[in-house]
Structures are given as structure tokens and as C-alpha cells.
$ cat structure.cif   # mmCIF, C-alpha atoms
data_start
#
loop_
_atom_site.label_atom_id
_atom_site.label_comp_id
_atom_site.auth_asym_id
_atom_site.auth_seq_id
_atom_site.Cartn_x
_atom_site.Cartn_y
_atom_site.Cartn_z
CA MET A 186 3.21 18.77 17.07
CA THR A 187 -0.16 18.97 15.32
CA ILE A 188 -1.34 16.28 12.91
CA GLN A 189 -0.91 18.77 10.06
CA GLN A 190 2.71 19.41 11.08
CA ALA A 191 3.32 15.68 11.41
CA LEU A 192 1.96 15.08 7.90
CA GLU A 193 4.18 17.84 6.52
CA THR A 194 7.19 16.20 8.18
CA ILE A 195 6.30 12.78 6.72
CA HIS A 196 5.83 14.22 3.23
CA GLN A 197 9.24 15.88 3.51
CA LYS A 198 10.77 12.51 4.48
CA ILE A 199 9.06 10.85 1.52
CA GLN A 200 10.35 13.59 -0.77
CA ASP A 201 13.90 13.17 0.58
CA ALA A 202 13.76 9.38 0.23
CA THR A 203 12.40 9.47 -3.31
CA GLN A 204 15.06 11.97 -4.35
CA LEU A 205 17.79 9.71 -2.97
CA ALA A 206 16.25 6.80 -4.88
CA HIS A 207 15.93 8.87 -8.09
CA ARG A 208 12.16 8.37 -8.06
CA PRO A 209 9.41 11.00 -8.40
CA GLU A 210 7.73 11.92 -5.12
CA SER A 211 4.39 11.10 -6.74
CA ALA A 212 5.50 7.44 -6.97
CA VAL A 213 4.83 6.94 -3.25
CA THR A 214 1.38 7.20 -1.61
CA LEU A 215 1.04 7.88 2.09
CA LEU A 216 -1.47 5.65 3.88
CA ALA A 217 -2.34 7.08 7.29
CA VAL A 218 -2.86 4.21 9.74
CA SER A 219 -5.74 5.43 11.86
CA LYS A 220 -6.52 2.31 13.93
CA THR A 221 -7.61 3.14 17.50
CA LYS A 222 -7.64 6.84 16.62
CA PRO A 223 -10.81 8.92 17.03
CA ASN A 224 -12.77 10.42 14.16
CA GLU A 225 -11.57 13.88 15.22
CA ALA A 226 -7.95 12.92 14.49
CA ILE A 227 -8.89 11.52 11.08
CA LEU A 228 -10.86 14.69 10.33
CA GLU A 229 -7.82 16.79 11.25
CA ALA A 230 -5.67 14.73 8.88
CA TYR A 231 -8.30 15.06 6.15
CA HIS A 232 -8.33 18.84 6.51
CA ALA A 233 -4.53 18.72 6.16
CA GLY A 234 -4.96 16.99 2.80
CA GLN A 235 -4.81 13.29 3.73
CA LYS A 236 -7.34 11.11 1.88
CA ALA A 237 -6.26 7.46 2.36
CA PHE A 238 -6.59 5.73 5.73
CA GLY A 239 -5.76 2.24 6.99
CA GLU A 240 -7.69 0.27 9.61
CA ASN A 241 -6.73 -3.00 11.33
CA TYR A 242 -9.99 -3.86 13.06
CA VAL A 243 -13.07 -4.55 10.96
CA GLN A 244 -15.88 -3.16 13.10
CA GLU A 245 -13.91 -0.08 14.18
CA GLY A 246 -13.11 0.61 10.54
CA VAL A 247 -16.72 0.19 9.42
CA ASP A 248 -17.92 2.57 12.14
CA LYS A 249 -15.47 5.21 10.91
CA ILE A 250 -16.36 4.68 7.26
CA GLN A 251 -20.06 5.13 8.03
CA TYR A 252 -19.36 8.22 10.13
CA PHE A 253 -17.50 9.96 7.31
CA GLU A 254 -20.01 8.86 4.68
CA ALA A 255 -22.73 10.45 6.81
CA GLN A 256 -20.66 13.67 6.79
CA ASN A 257 -20.42 13.36 2.98
CA ILE A 258 -16.61 13.22 3.23
CA GLN A 259 -15.08 10.98 0.59
CA LEU A 260 -12.08 9.05 1.91
CA GLU A 261 -10.26 5.95 0.66
CA TRP A 262 -10.30 3.11 3.19
CA HIS A 263 -7.78 0.25 3.31
CA PHE A 264 -8.15 -2.82 5.49
CA ILE A 265 -4.65 -3.74 6.69
CA GLY A 266 -5.22 -6.24 9.50
CA PRO A 267 -5.67 -10.02 9.57
CA LEU A 268 -9.12 -11.01 8.33
CA GLN A 269 -11.20 -13.92 9.64
CA SER A 270 -13.76 -15.63 7.42
CA ASN A 271 -16.68 -14.44 9.52
CA LYS A 272 -15.72 -10.78 8.98
CA THR A 273 -15.27 -10.80 5.18
CA ARG A 274 -18.72 -9.38 4.41
CA LEU A 275 -18.04 -6.16 6.30
CA VAL A 276 -14.77 -5.62 4.44
CA ALA A 277 -16.35 -6.49 1.08
CA GLU A 278 -19.26 -4.11 1.66
CA HIS A 279 -17.43 -1.10 3.09
CA PHE A 280 -13.71 -0.92 2.28
CA ASP A 281 -12.01 0.18 -0.96
CA TRP A 282 -8.87 -1.91 -0.48
CA MET A 283 -7.97 -5.17 1.26
CA GLN A 284 -4.19 -5.33 1.72
CA THR A 285 -3.74 -8.59 3.63
CA LEU A 286 -5.12 -11.27 1.33
CA GLU A 287 -3.44 -14.61 1.95
CA ARG A 288 -6.04 -17.32 1.27
CA ALA A 289 -8.12 -18.34 -1.74
CA LYS A 290 -11.08 -19.00 0.58
CA ILE A 291 -11.04 -15.38 1.81
CA ALA A 292 -10.72 -14.16 -1.78
CA ASP A 293 -13.78 -16.20 -2.78
CA ARG A 294 -15.85 -14.81 0.08
CA LEU A 295 -14.82 -11.21 -0.63
CA ASN A 296 -15.69 -11.70 -4.30
CA GLU A 297 -19.12 -13.17 -3.50
CA GLN A 298 -19.92 -10.49 -0.92
CA ARG A 299 -18.75 -7.41 -2.83
CA PRO A 300 -21.87 -5.38 -3.70
CA ALA A 301 -22.64 -5.28 -7.43
CA ASN A 302 -23.06 -1.51 -7.34
CA LYS A 303 -19.48 -0.97 -6.07
CA ALA A 304 -16.26 -1.01 -8.03
CA PRO A 305 -14.22 -4.20 -7.63
CA LEU A 306 -12.40 -4.44 -4.31
CA ASN A 307 -8.71 -3.62 -4.75
CA VAL A 308 -6.61 -6.37 -3.18
CA LEU A 309 -2.97 -6.91 -2.31
CA ILE A 310 -1.44 -10.31 -1.59
CA GLN A 311 0.39 -10.30 1.73
CA ILE A 312 3.81 -11.99 1.61
CA ASN A 313 5.47 -13.30 4.77
CA ILE A 314 8.84 -12.10 3.53
CA SER A 315 10.76 -12.67 6.78
CA ASP A 316 9.26 -16.16 7.21
CA GLU A 317 8.05 -15.39 10.73
CA ALA A 318 5.79 -17.99 12.33
CA SER A 319 3.84 -15.26 14.10
CA LYS A 320 3.19 -13.22 10.96
CA SER A 321 0.39 -13.46 8.43
CA GLY A 322 1.07 -13.81 4.73
CA ILE A 323 1.93 -16.50 2.22
CA GLN A 324 5.31 -17.85 1.21
CA PRO A 325 6.79 -16.26 -1.94
CA SER A 326 6.50 -19.61 -3.73
CA GLU A 327 2.70 -19.47 -3.32
CA MET A 328 2.26 -16.01 -4.85
CA ILE A 329 1.57 -16.94 -8.48
CA GLU A 330 -0.97 -19.62 -7.60
CA LEU A 331 -3.00 -17.25 -5.41
CA ALA A 332 -2.74 -14.47 -8.00
CA LYS A 333 -4.14 -16.83 -10.67
CA HIS A 334 -7.06 -17.58 -8.38
CA ILE A 335 -7.76 -13.88 -7.79
CA GLU A 336 -7.53 -13.14 -11.51
CA ASN A 337 -10.67 -15.22 -12.08
CA LEU A 338 -12.76 -13.36 -9.49
CA PRO A 339 -14.65 -10.51 -11.21
CA HIS A 340 -15.38 -8.45 -8.09
CA LEU A 341 -11.74 -8.30 -7.00
CA ARG A 342 -8.94 -6.37 -8.66
CA LEU A 343 -5.39 -7.52 -8.00
CA ARG A 344 -3.23 -4.43 -7.48
CA GLY A 345 0.01 -5.85 -6.04
CA LEU A 346 1.74 -6.97 -2.87
CA MET A 347 2.03 -6.04 0.79
CA ALA A 348 4.55 -7.05 3.47
CA ILE A 349 5.46 -6.40 7.09
CA PRO A 350 9.10 -7.54 7.41
CA ALA A 351 10.55 -8.45 10.78
CA PRO A 352 11.40 -5.23 12.64
CA THR A 353 15.09 -4.41 12.68
CA ASP A 354 17.25 -1.29 13.01
CA ASN A 355 19.82 -2.87 10.68
CA ILE A 356 19.50 -0.98 7.38
CA ALA A 357 21.09 -3.82 5.38
CA GLU A 358 18.56 -6.30 6.76
CA GLN A 359 15.70 -3.92 6.01
CA GLU A 360 16.89 -3.50 2.43
CA THR A 361 17.37 -7.24 1.94
CA ALA A 362 13.73 -7.95 2.79
CA PHE A 363 12.42 -5.01 0.78
CA SER A 364 14.57 -5.93 -2.23
CA GLN A 365 13.12 -9.44 -2.16
CA MET A 366 9.65 -7.90 -2.19
CA GLU A 367 10.57 -5.68 -5.13
CA GLN A 368 11.72 -8.75 -7.09
CA LEU A 369 8.45 -10.54 -6.32
CA PHE A 370 6.51 -7.45 -7.39
CA GLU A 371 8.33 -7.43 -10.75
CA GLN A 372 7.64 -11.17 -11.14
CA LEU A 373 3.95 -10.58 -10.47
CA LYS A 374 3.74 -7.77 -13.00
CA ALA A 375 5.49 -9.90 -15.63
CA ALA A 376 3.21 -12.89 -14.99
CA PHE A 377 -0.01 -10.86 -15.12
CA PRO A 378 0.53 -8.13 -17.71
CA HIS A 379 -3.21 -7.52 -18.14
CA GLN A 380 -3.84 -6.83 -14.46
CA PRO A 381 -3.47 -3.27 -13.03
CA ILE A 382 -0.58 -4.28 -10.76
CA ASP A 383 0.90 -1.00 -9.53
CA THR A 384 1.06 -1.17 -5.72
CA LEU A 385 3.86 -2.39 -3.46
CA SER A 386 2.75 -1.60 0.08
CA MET A 387 5.73 -1.73 2.42
CA GLY A 388 7.48 0.52 4.87
CA MET A 389 6.31 1.99 8.16
CA THR A 390 7.53 4.79 10.43
CA ASP A 391 10.89 3.18 11.26
CA ASP A 392 11.86 1.64 7.91
CA MET A 393 10.17 3.92 5.39
CA GLN A 394 13.40 5.16 3.85
CA SER A 395 14.70 1.66 3.06
CA ALA A 396 11.30 0.68 1.65
CA ILE A 397 11.18 3.65 -0.70
CA LYS A 398 14.76 2.97 -1.82
CA CYS A 399 13.62 -0.55 -2.75
CA GLY A 400 10.57 0.46 -4.75
CA SER A 401 7.71 0.85 -2.28
CA THR A 402 4.74 2.68 -3.79
CA MET A 403 2.79 2.96 -0.52
CA VAL A 404 4.06 3.54 3.02
CA ARG A 405 1.82 2.86 6.01
CA ILE A 406 2.41 5.44 8.73
CA GLY A 407 0.53 5.67 12.01
CA THR A 408 2.58 6.69 15.04
CA ALA A 409 4.49 9.45 13.26
CA ILE A 410 1.20 11.09 12.23
CA PHE A 411 -1.15 10.49 15.13
CA GLY A 412 1.28 9.87 18.00
CA ALA A 413 1.70 6.73 20.09
CA ARG A 414 -1.39 4.64 20.81
#
$ encode --input "structure.cif" --output "C-alpha cells"
Amino acid sequence: MTIQQALETIHQKIQDATQLAHRPESAVTLLAVSKTKPNEAILEAYHAGQKAFGENYVQEGVDKIQYFEAQNIQLEWHFIGPLQSNKTRLVAEHFDWMQTLERAKIADRLNEQRPANKAPLNVLIQINISDEASKSGIQPSEMIELAKHIENLPHLRLRGLMAIPAPTDNIAEQETAFSQMEQLFEQLKAAFPHQPIDTLSMGMTDDMQSAIKCGSTMVRIGTAIFGAR
């Protein structure tokens, strides 16, 4: 299957899932997770109409961003991996979105390092919704405090929440975690009515349907587009 065919299949699945959930298809954005994939694969996806890409590794992502900028190809780049303090400058200077924000210290550094000539960096707070010791993200109880901190940083723009629930084939368990995220998302919107909070990033290849049913506005798909790593 070509990347174009894979994208068409994913869009059909998104359309089916949004119809089942009585939501417009336009309510869900597809983020193509391009980590470890070559520029040629990203270019193929771009020519098939894909504009938003997610990267997990800072330097690899920056190299790709610079490659496509040199080609004068405008893409939207999301950082979706864990971020160490010593790598914040690269994310602040090159990416459009940072989806895995979980610490005030990282927020401060991103804010300080965001170039003045760029639009504010769009950020999502990562929630550890399944309470896994091995996973990044904050506890739900910490969400409002971190959001208040971000609200006071002029070079960041709080857009919503992101989560990677514990993997499970059990649909009920998937929906439980995603429903909890949807409730937190509504709480965040209610608490910060003057912020442009519109993004709930959750759902990957194996649990996309449950995520969309529970209000996801962005699904992060890698394997089903580009094949196994």
C-alpha cells in the first residue's frame, strides 16, 4: 500500500468514527507521526495532502524542518516526545506545537527561548491519565495549576491537552480513559474561557475510534501511514 492509499484509508476511518459519534469529520485533525521516517516518506505524504507532522526526537525533527524549509514547503510541526531541559531551545526555535508539556520549568524555558519574530508556540499539557509510572505527564489534579502558569507566558499559547493512555484492546477501558480526558478538557475550557483551548490530542492507530467517540480533536497516526518502523 502506498502512503497516499494509507492516508485515504485513515481518512475513511476518521470519517466513519466521526459519523458514529455524530461529529463533523472536520472536527478531527490527522497528525502524521513521522519519527524515524525519511524525508522522502514525508514528501510523499505531503503530496497526498498531509500538512501536519509529529516528531519525537528533537534533533531529527529539526533536521527535517530545516530540510523542508529549504525546499520552501510549508508544513506544521508538532513535538510529541519527552523533552529535556537542555533541548528546549531547539523546540522553541523550530516547532509550531509542543504537545508534551508537563513542567513549569520547561514552559518557562520555551517561553524565554521562543523567537520574537515567531507566533507563540502552541502547547498542550500532557496528562498521565492511566497513572503509569513509566509514562510522562502530570496528574489530573495538577492541570489547573500548570495551566495558570502557562497563561502568564506571552510566547506560549495554551491550546489544550494530550494523553497516551495505557495500551489495551479492551474497548471499555479505552473509552474510560478517553472519557476522563474529555472531562478534563471541558474543565480546562471552563476555567480558561479567554484562552484558545480547542485541541484534545488523543488516539493512535489502535484506539483511534474510541478516542474520536470520546471527543478527540487530533489523532496521532504513524504505523498505519508509514508502515512499521
$ residues_around --input "structure.cif" --residues "Ser401 (chain A)" --least-positions-apart "4" --cutoff "10 Å" --atoms "only C-alpha atoms" --output "PyMOL selection string"
chain A and resi 203+212-214+346-347+363-364+366-367+370+384-388+393-397
$ residues_around --input "structure.cif" --residues "Gln298 (chain A)" --least-positions-apart "6" --cutoff "12 Å" --atoms "all atoms listed in the file" --output "count of residues only"
19
$ closest_residue --input "structure.cif" --among "A:Leu286, A:Glu330, A:Gly345, A:Ala351" --to "Ile314 (chain A)" --atoms "all atoms listed in the file"
A:Ala351
$ atom_distance --input "structure.cif" --atom1 "CA of Ser211 (chain A)" --atom2 "CA of Asn313 (chain A)"
27.0 Å
$ resolve_selection --input "structure.cif" --expression "the PyMOL selection byres ((chain A and resi 218-228) around 7)" --output "PyMOL selection string"
chain A and resi 216-217+229-232+238-241+249+405-407
$ atom_distance --input "structure.cif" --atom1 "CA of Arg288 (chain A)" --atom2 "CA of Gly266 (chain A)"
13.8 Å
$ closest_residue --input "structure.cif" --among "A:Val308, A:Ile265, A:Leu373, A:Ala289" --to "Leu343 (chain A)" --atoms "only C-alpha atoms"
A:Val308
$ atom_distance --input "structure.cif" --atom1 "CA of Arg342 (chain A)" --atom2 "CA of Ala304 (chain A)"
9.1 Å
$ closest_residue --input "structure.cif" --among "A:Gln324, A:Asn337, A:Gln244, A:Gln284" --to "Gln365 (chain A)" --atoms "all atoms listed in the file"
A:Gln324
$ closest_residue --input "structure.cif" --among "A:Gln359, A:Gln259, A:Thr187, A:Gln372" --to "Asp391 (chain A)" --atoms "all atoms listed in the file"
A:Gln359
$ resolve_selection --input "structure.cif" --expression "the PyMOL selection byres ((chain A and resi 287) around 7)" --output "list in words"
Thr285, Leu286, Arg288, Ile310, Gln311, Gly322 and Ile323 of chain A
$ closest_residue --input "structure.cif" --among "A:Gly400, A:Thr353, A:Ile382, A:Phe377" --to "His334 (chain A)" --atoms "all atoms listed in the file"
A:Phe377
$ closest_residue --input "structure.cif" --among "A:Gln200, A:Ile195, A:Glu210, A:Cys399" --to "Gln368 (chain A)" --atoms "all atoms listed in the file"
A:Cys399
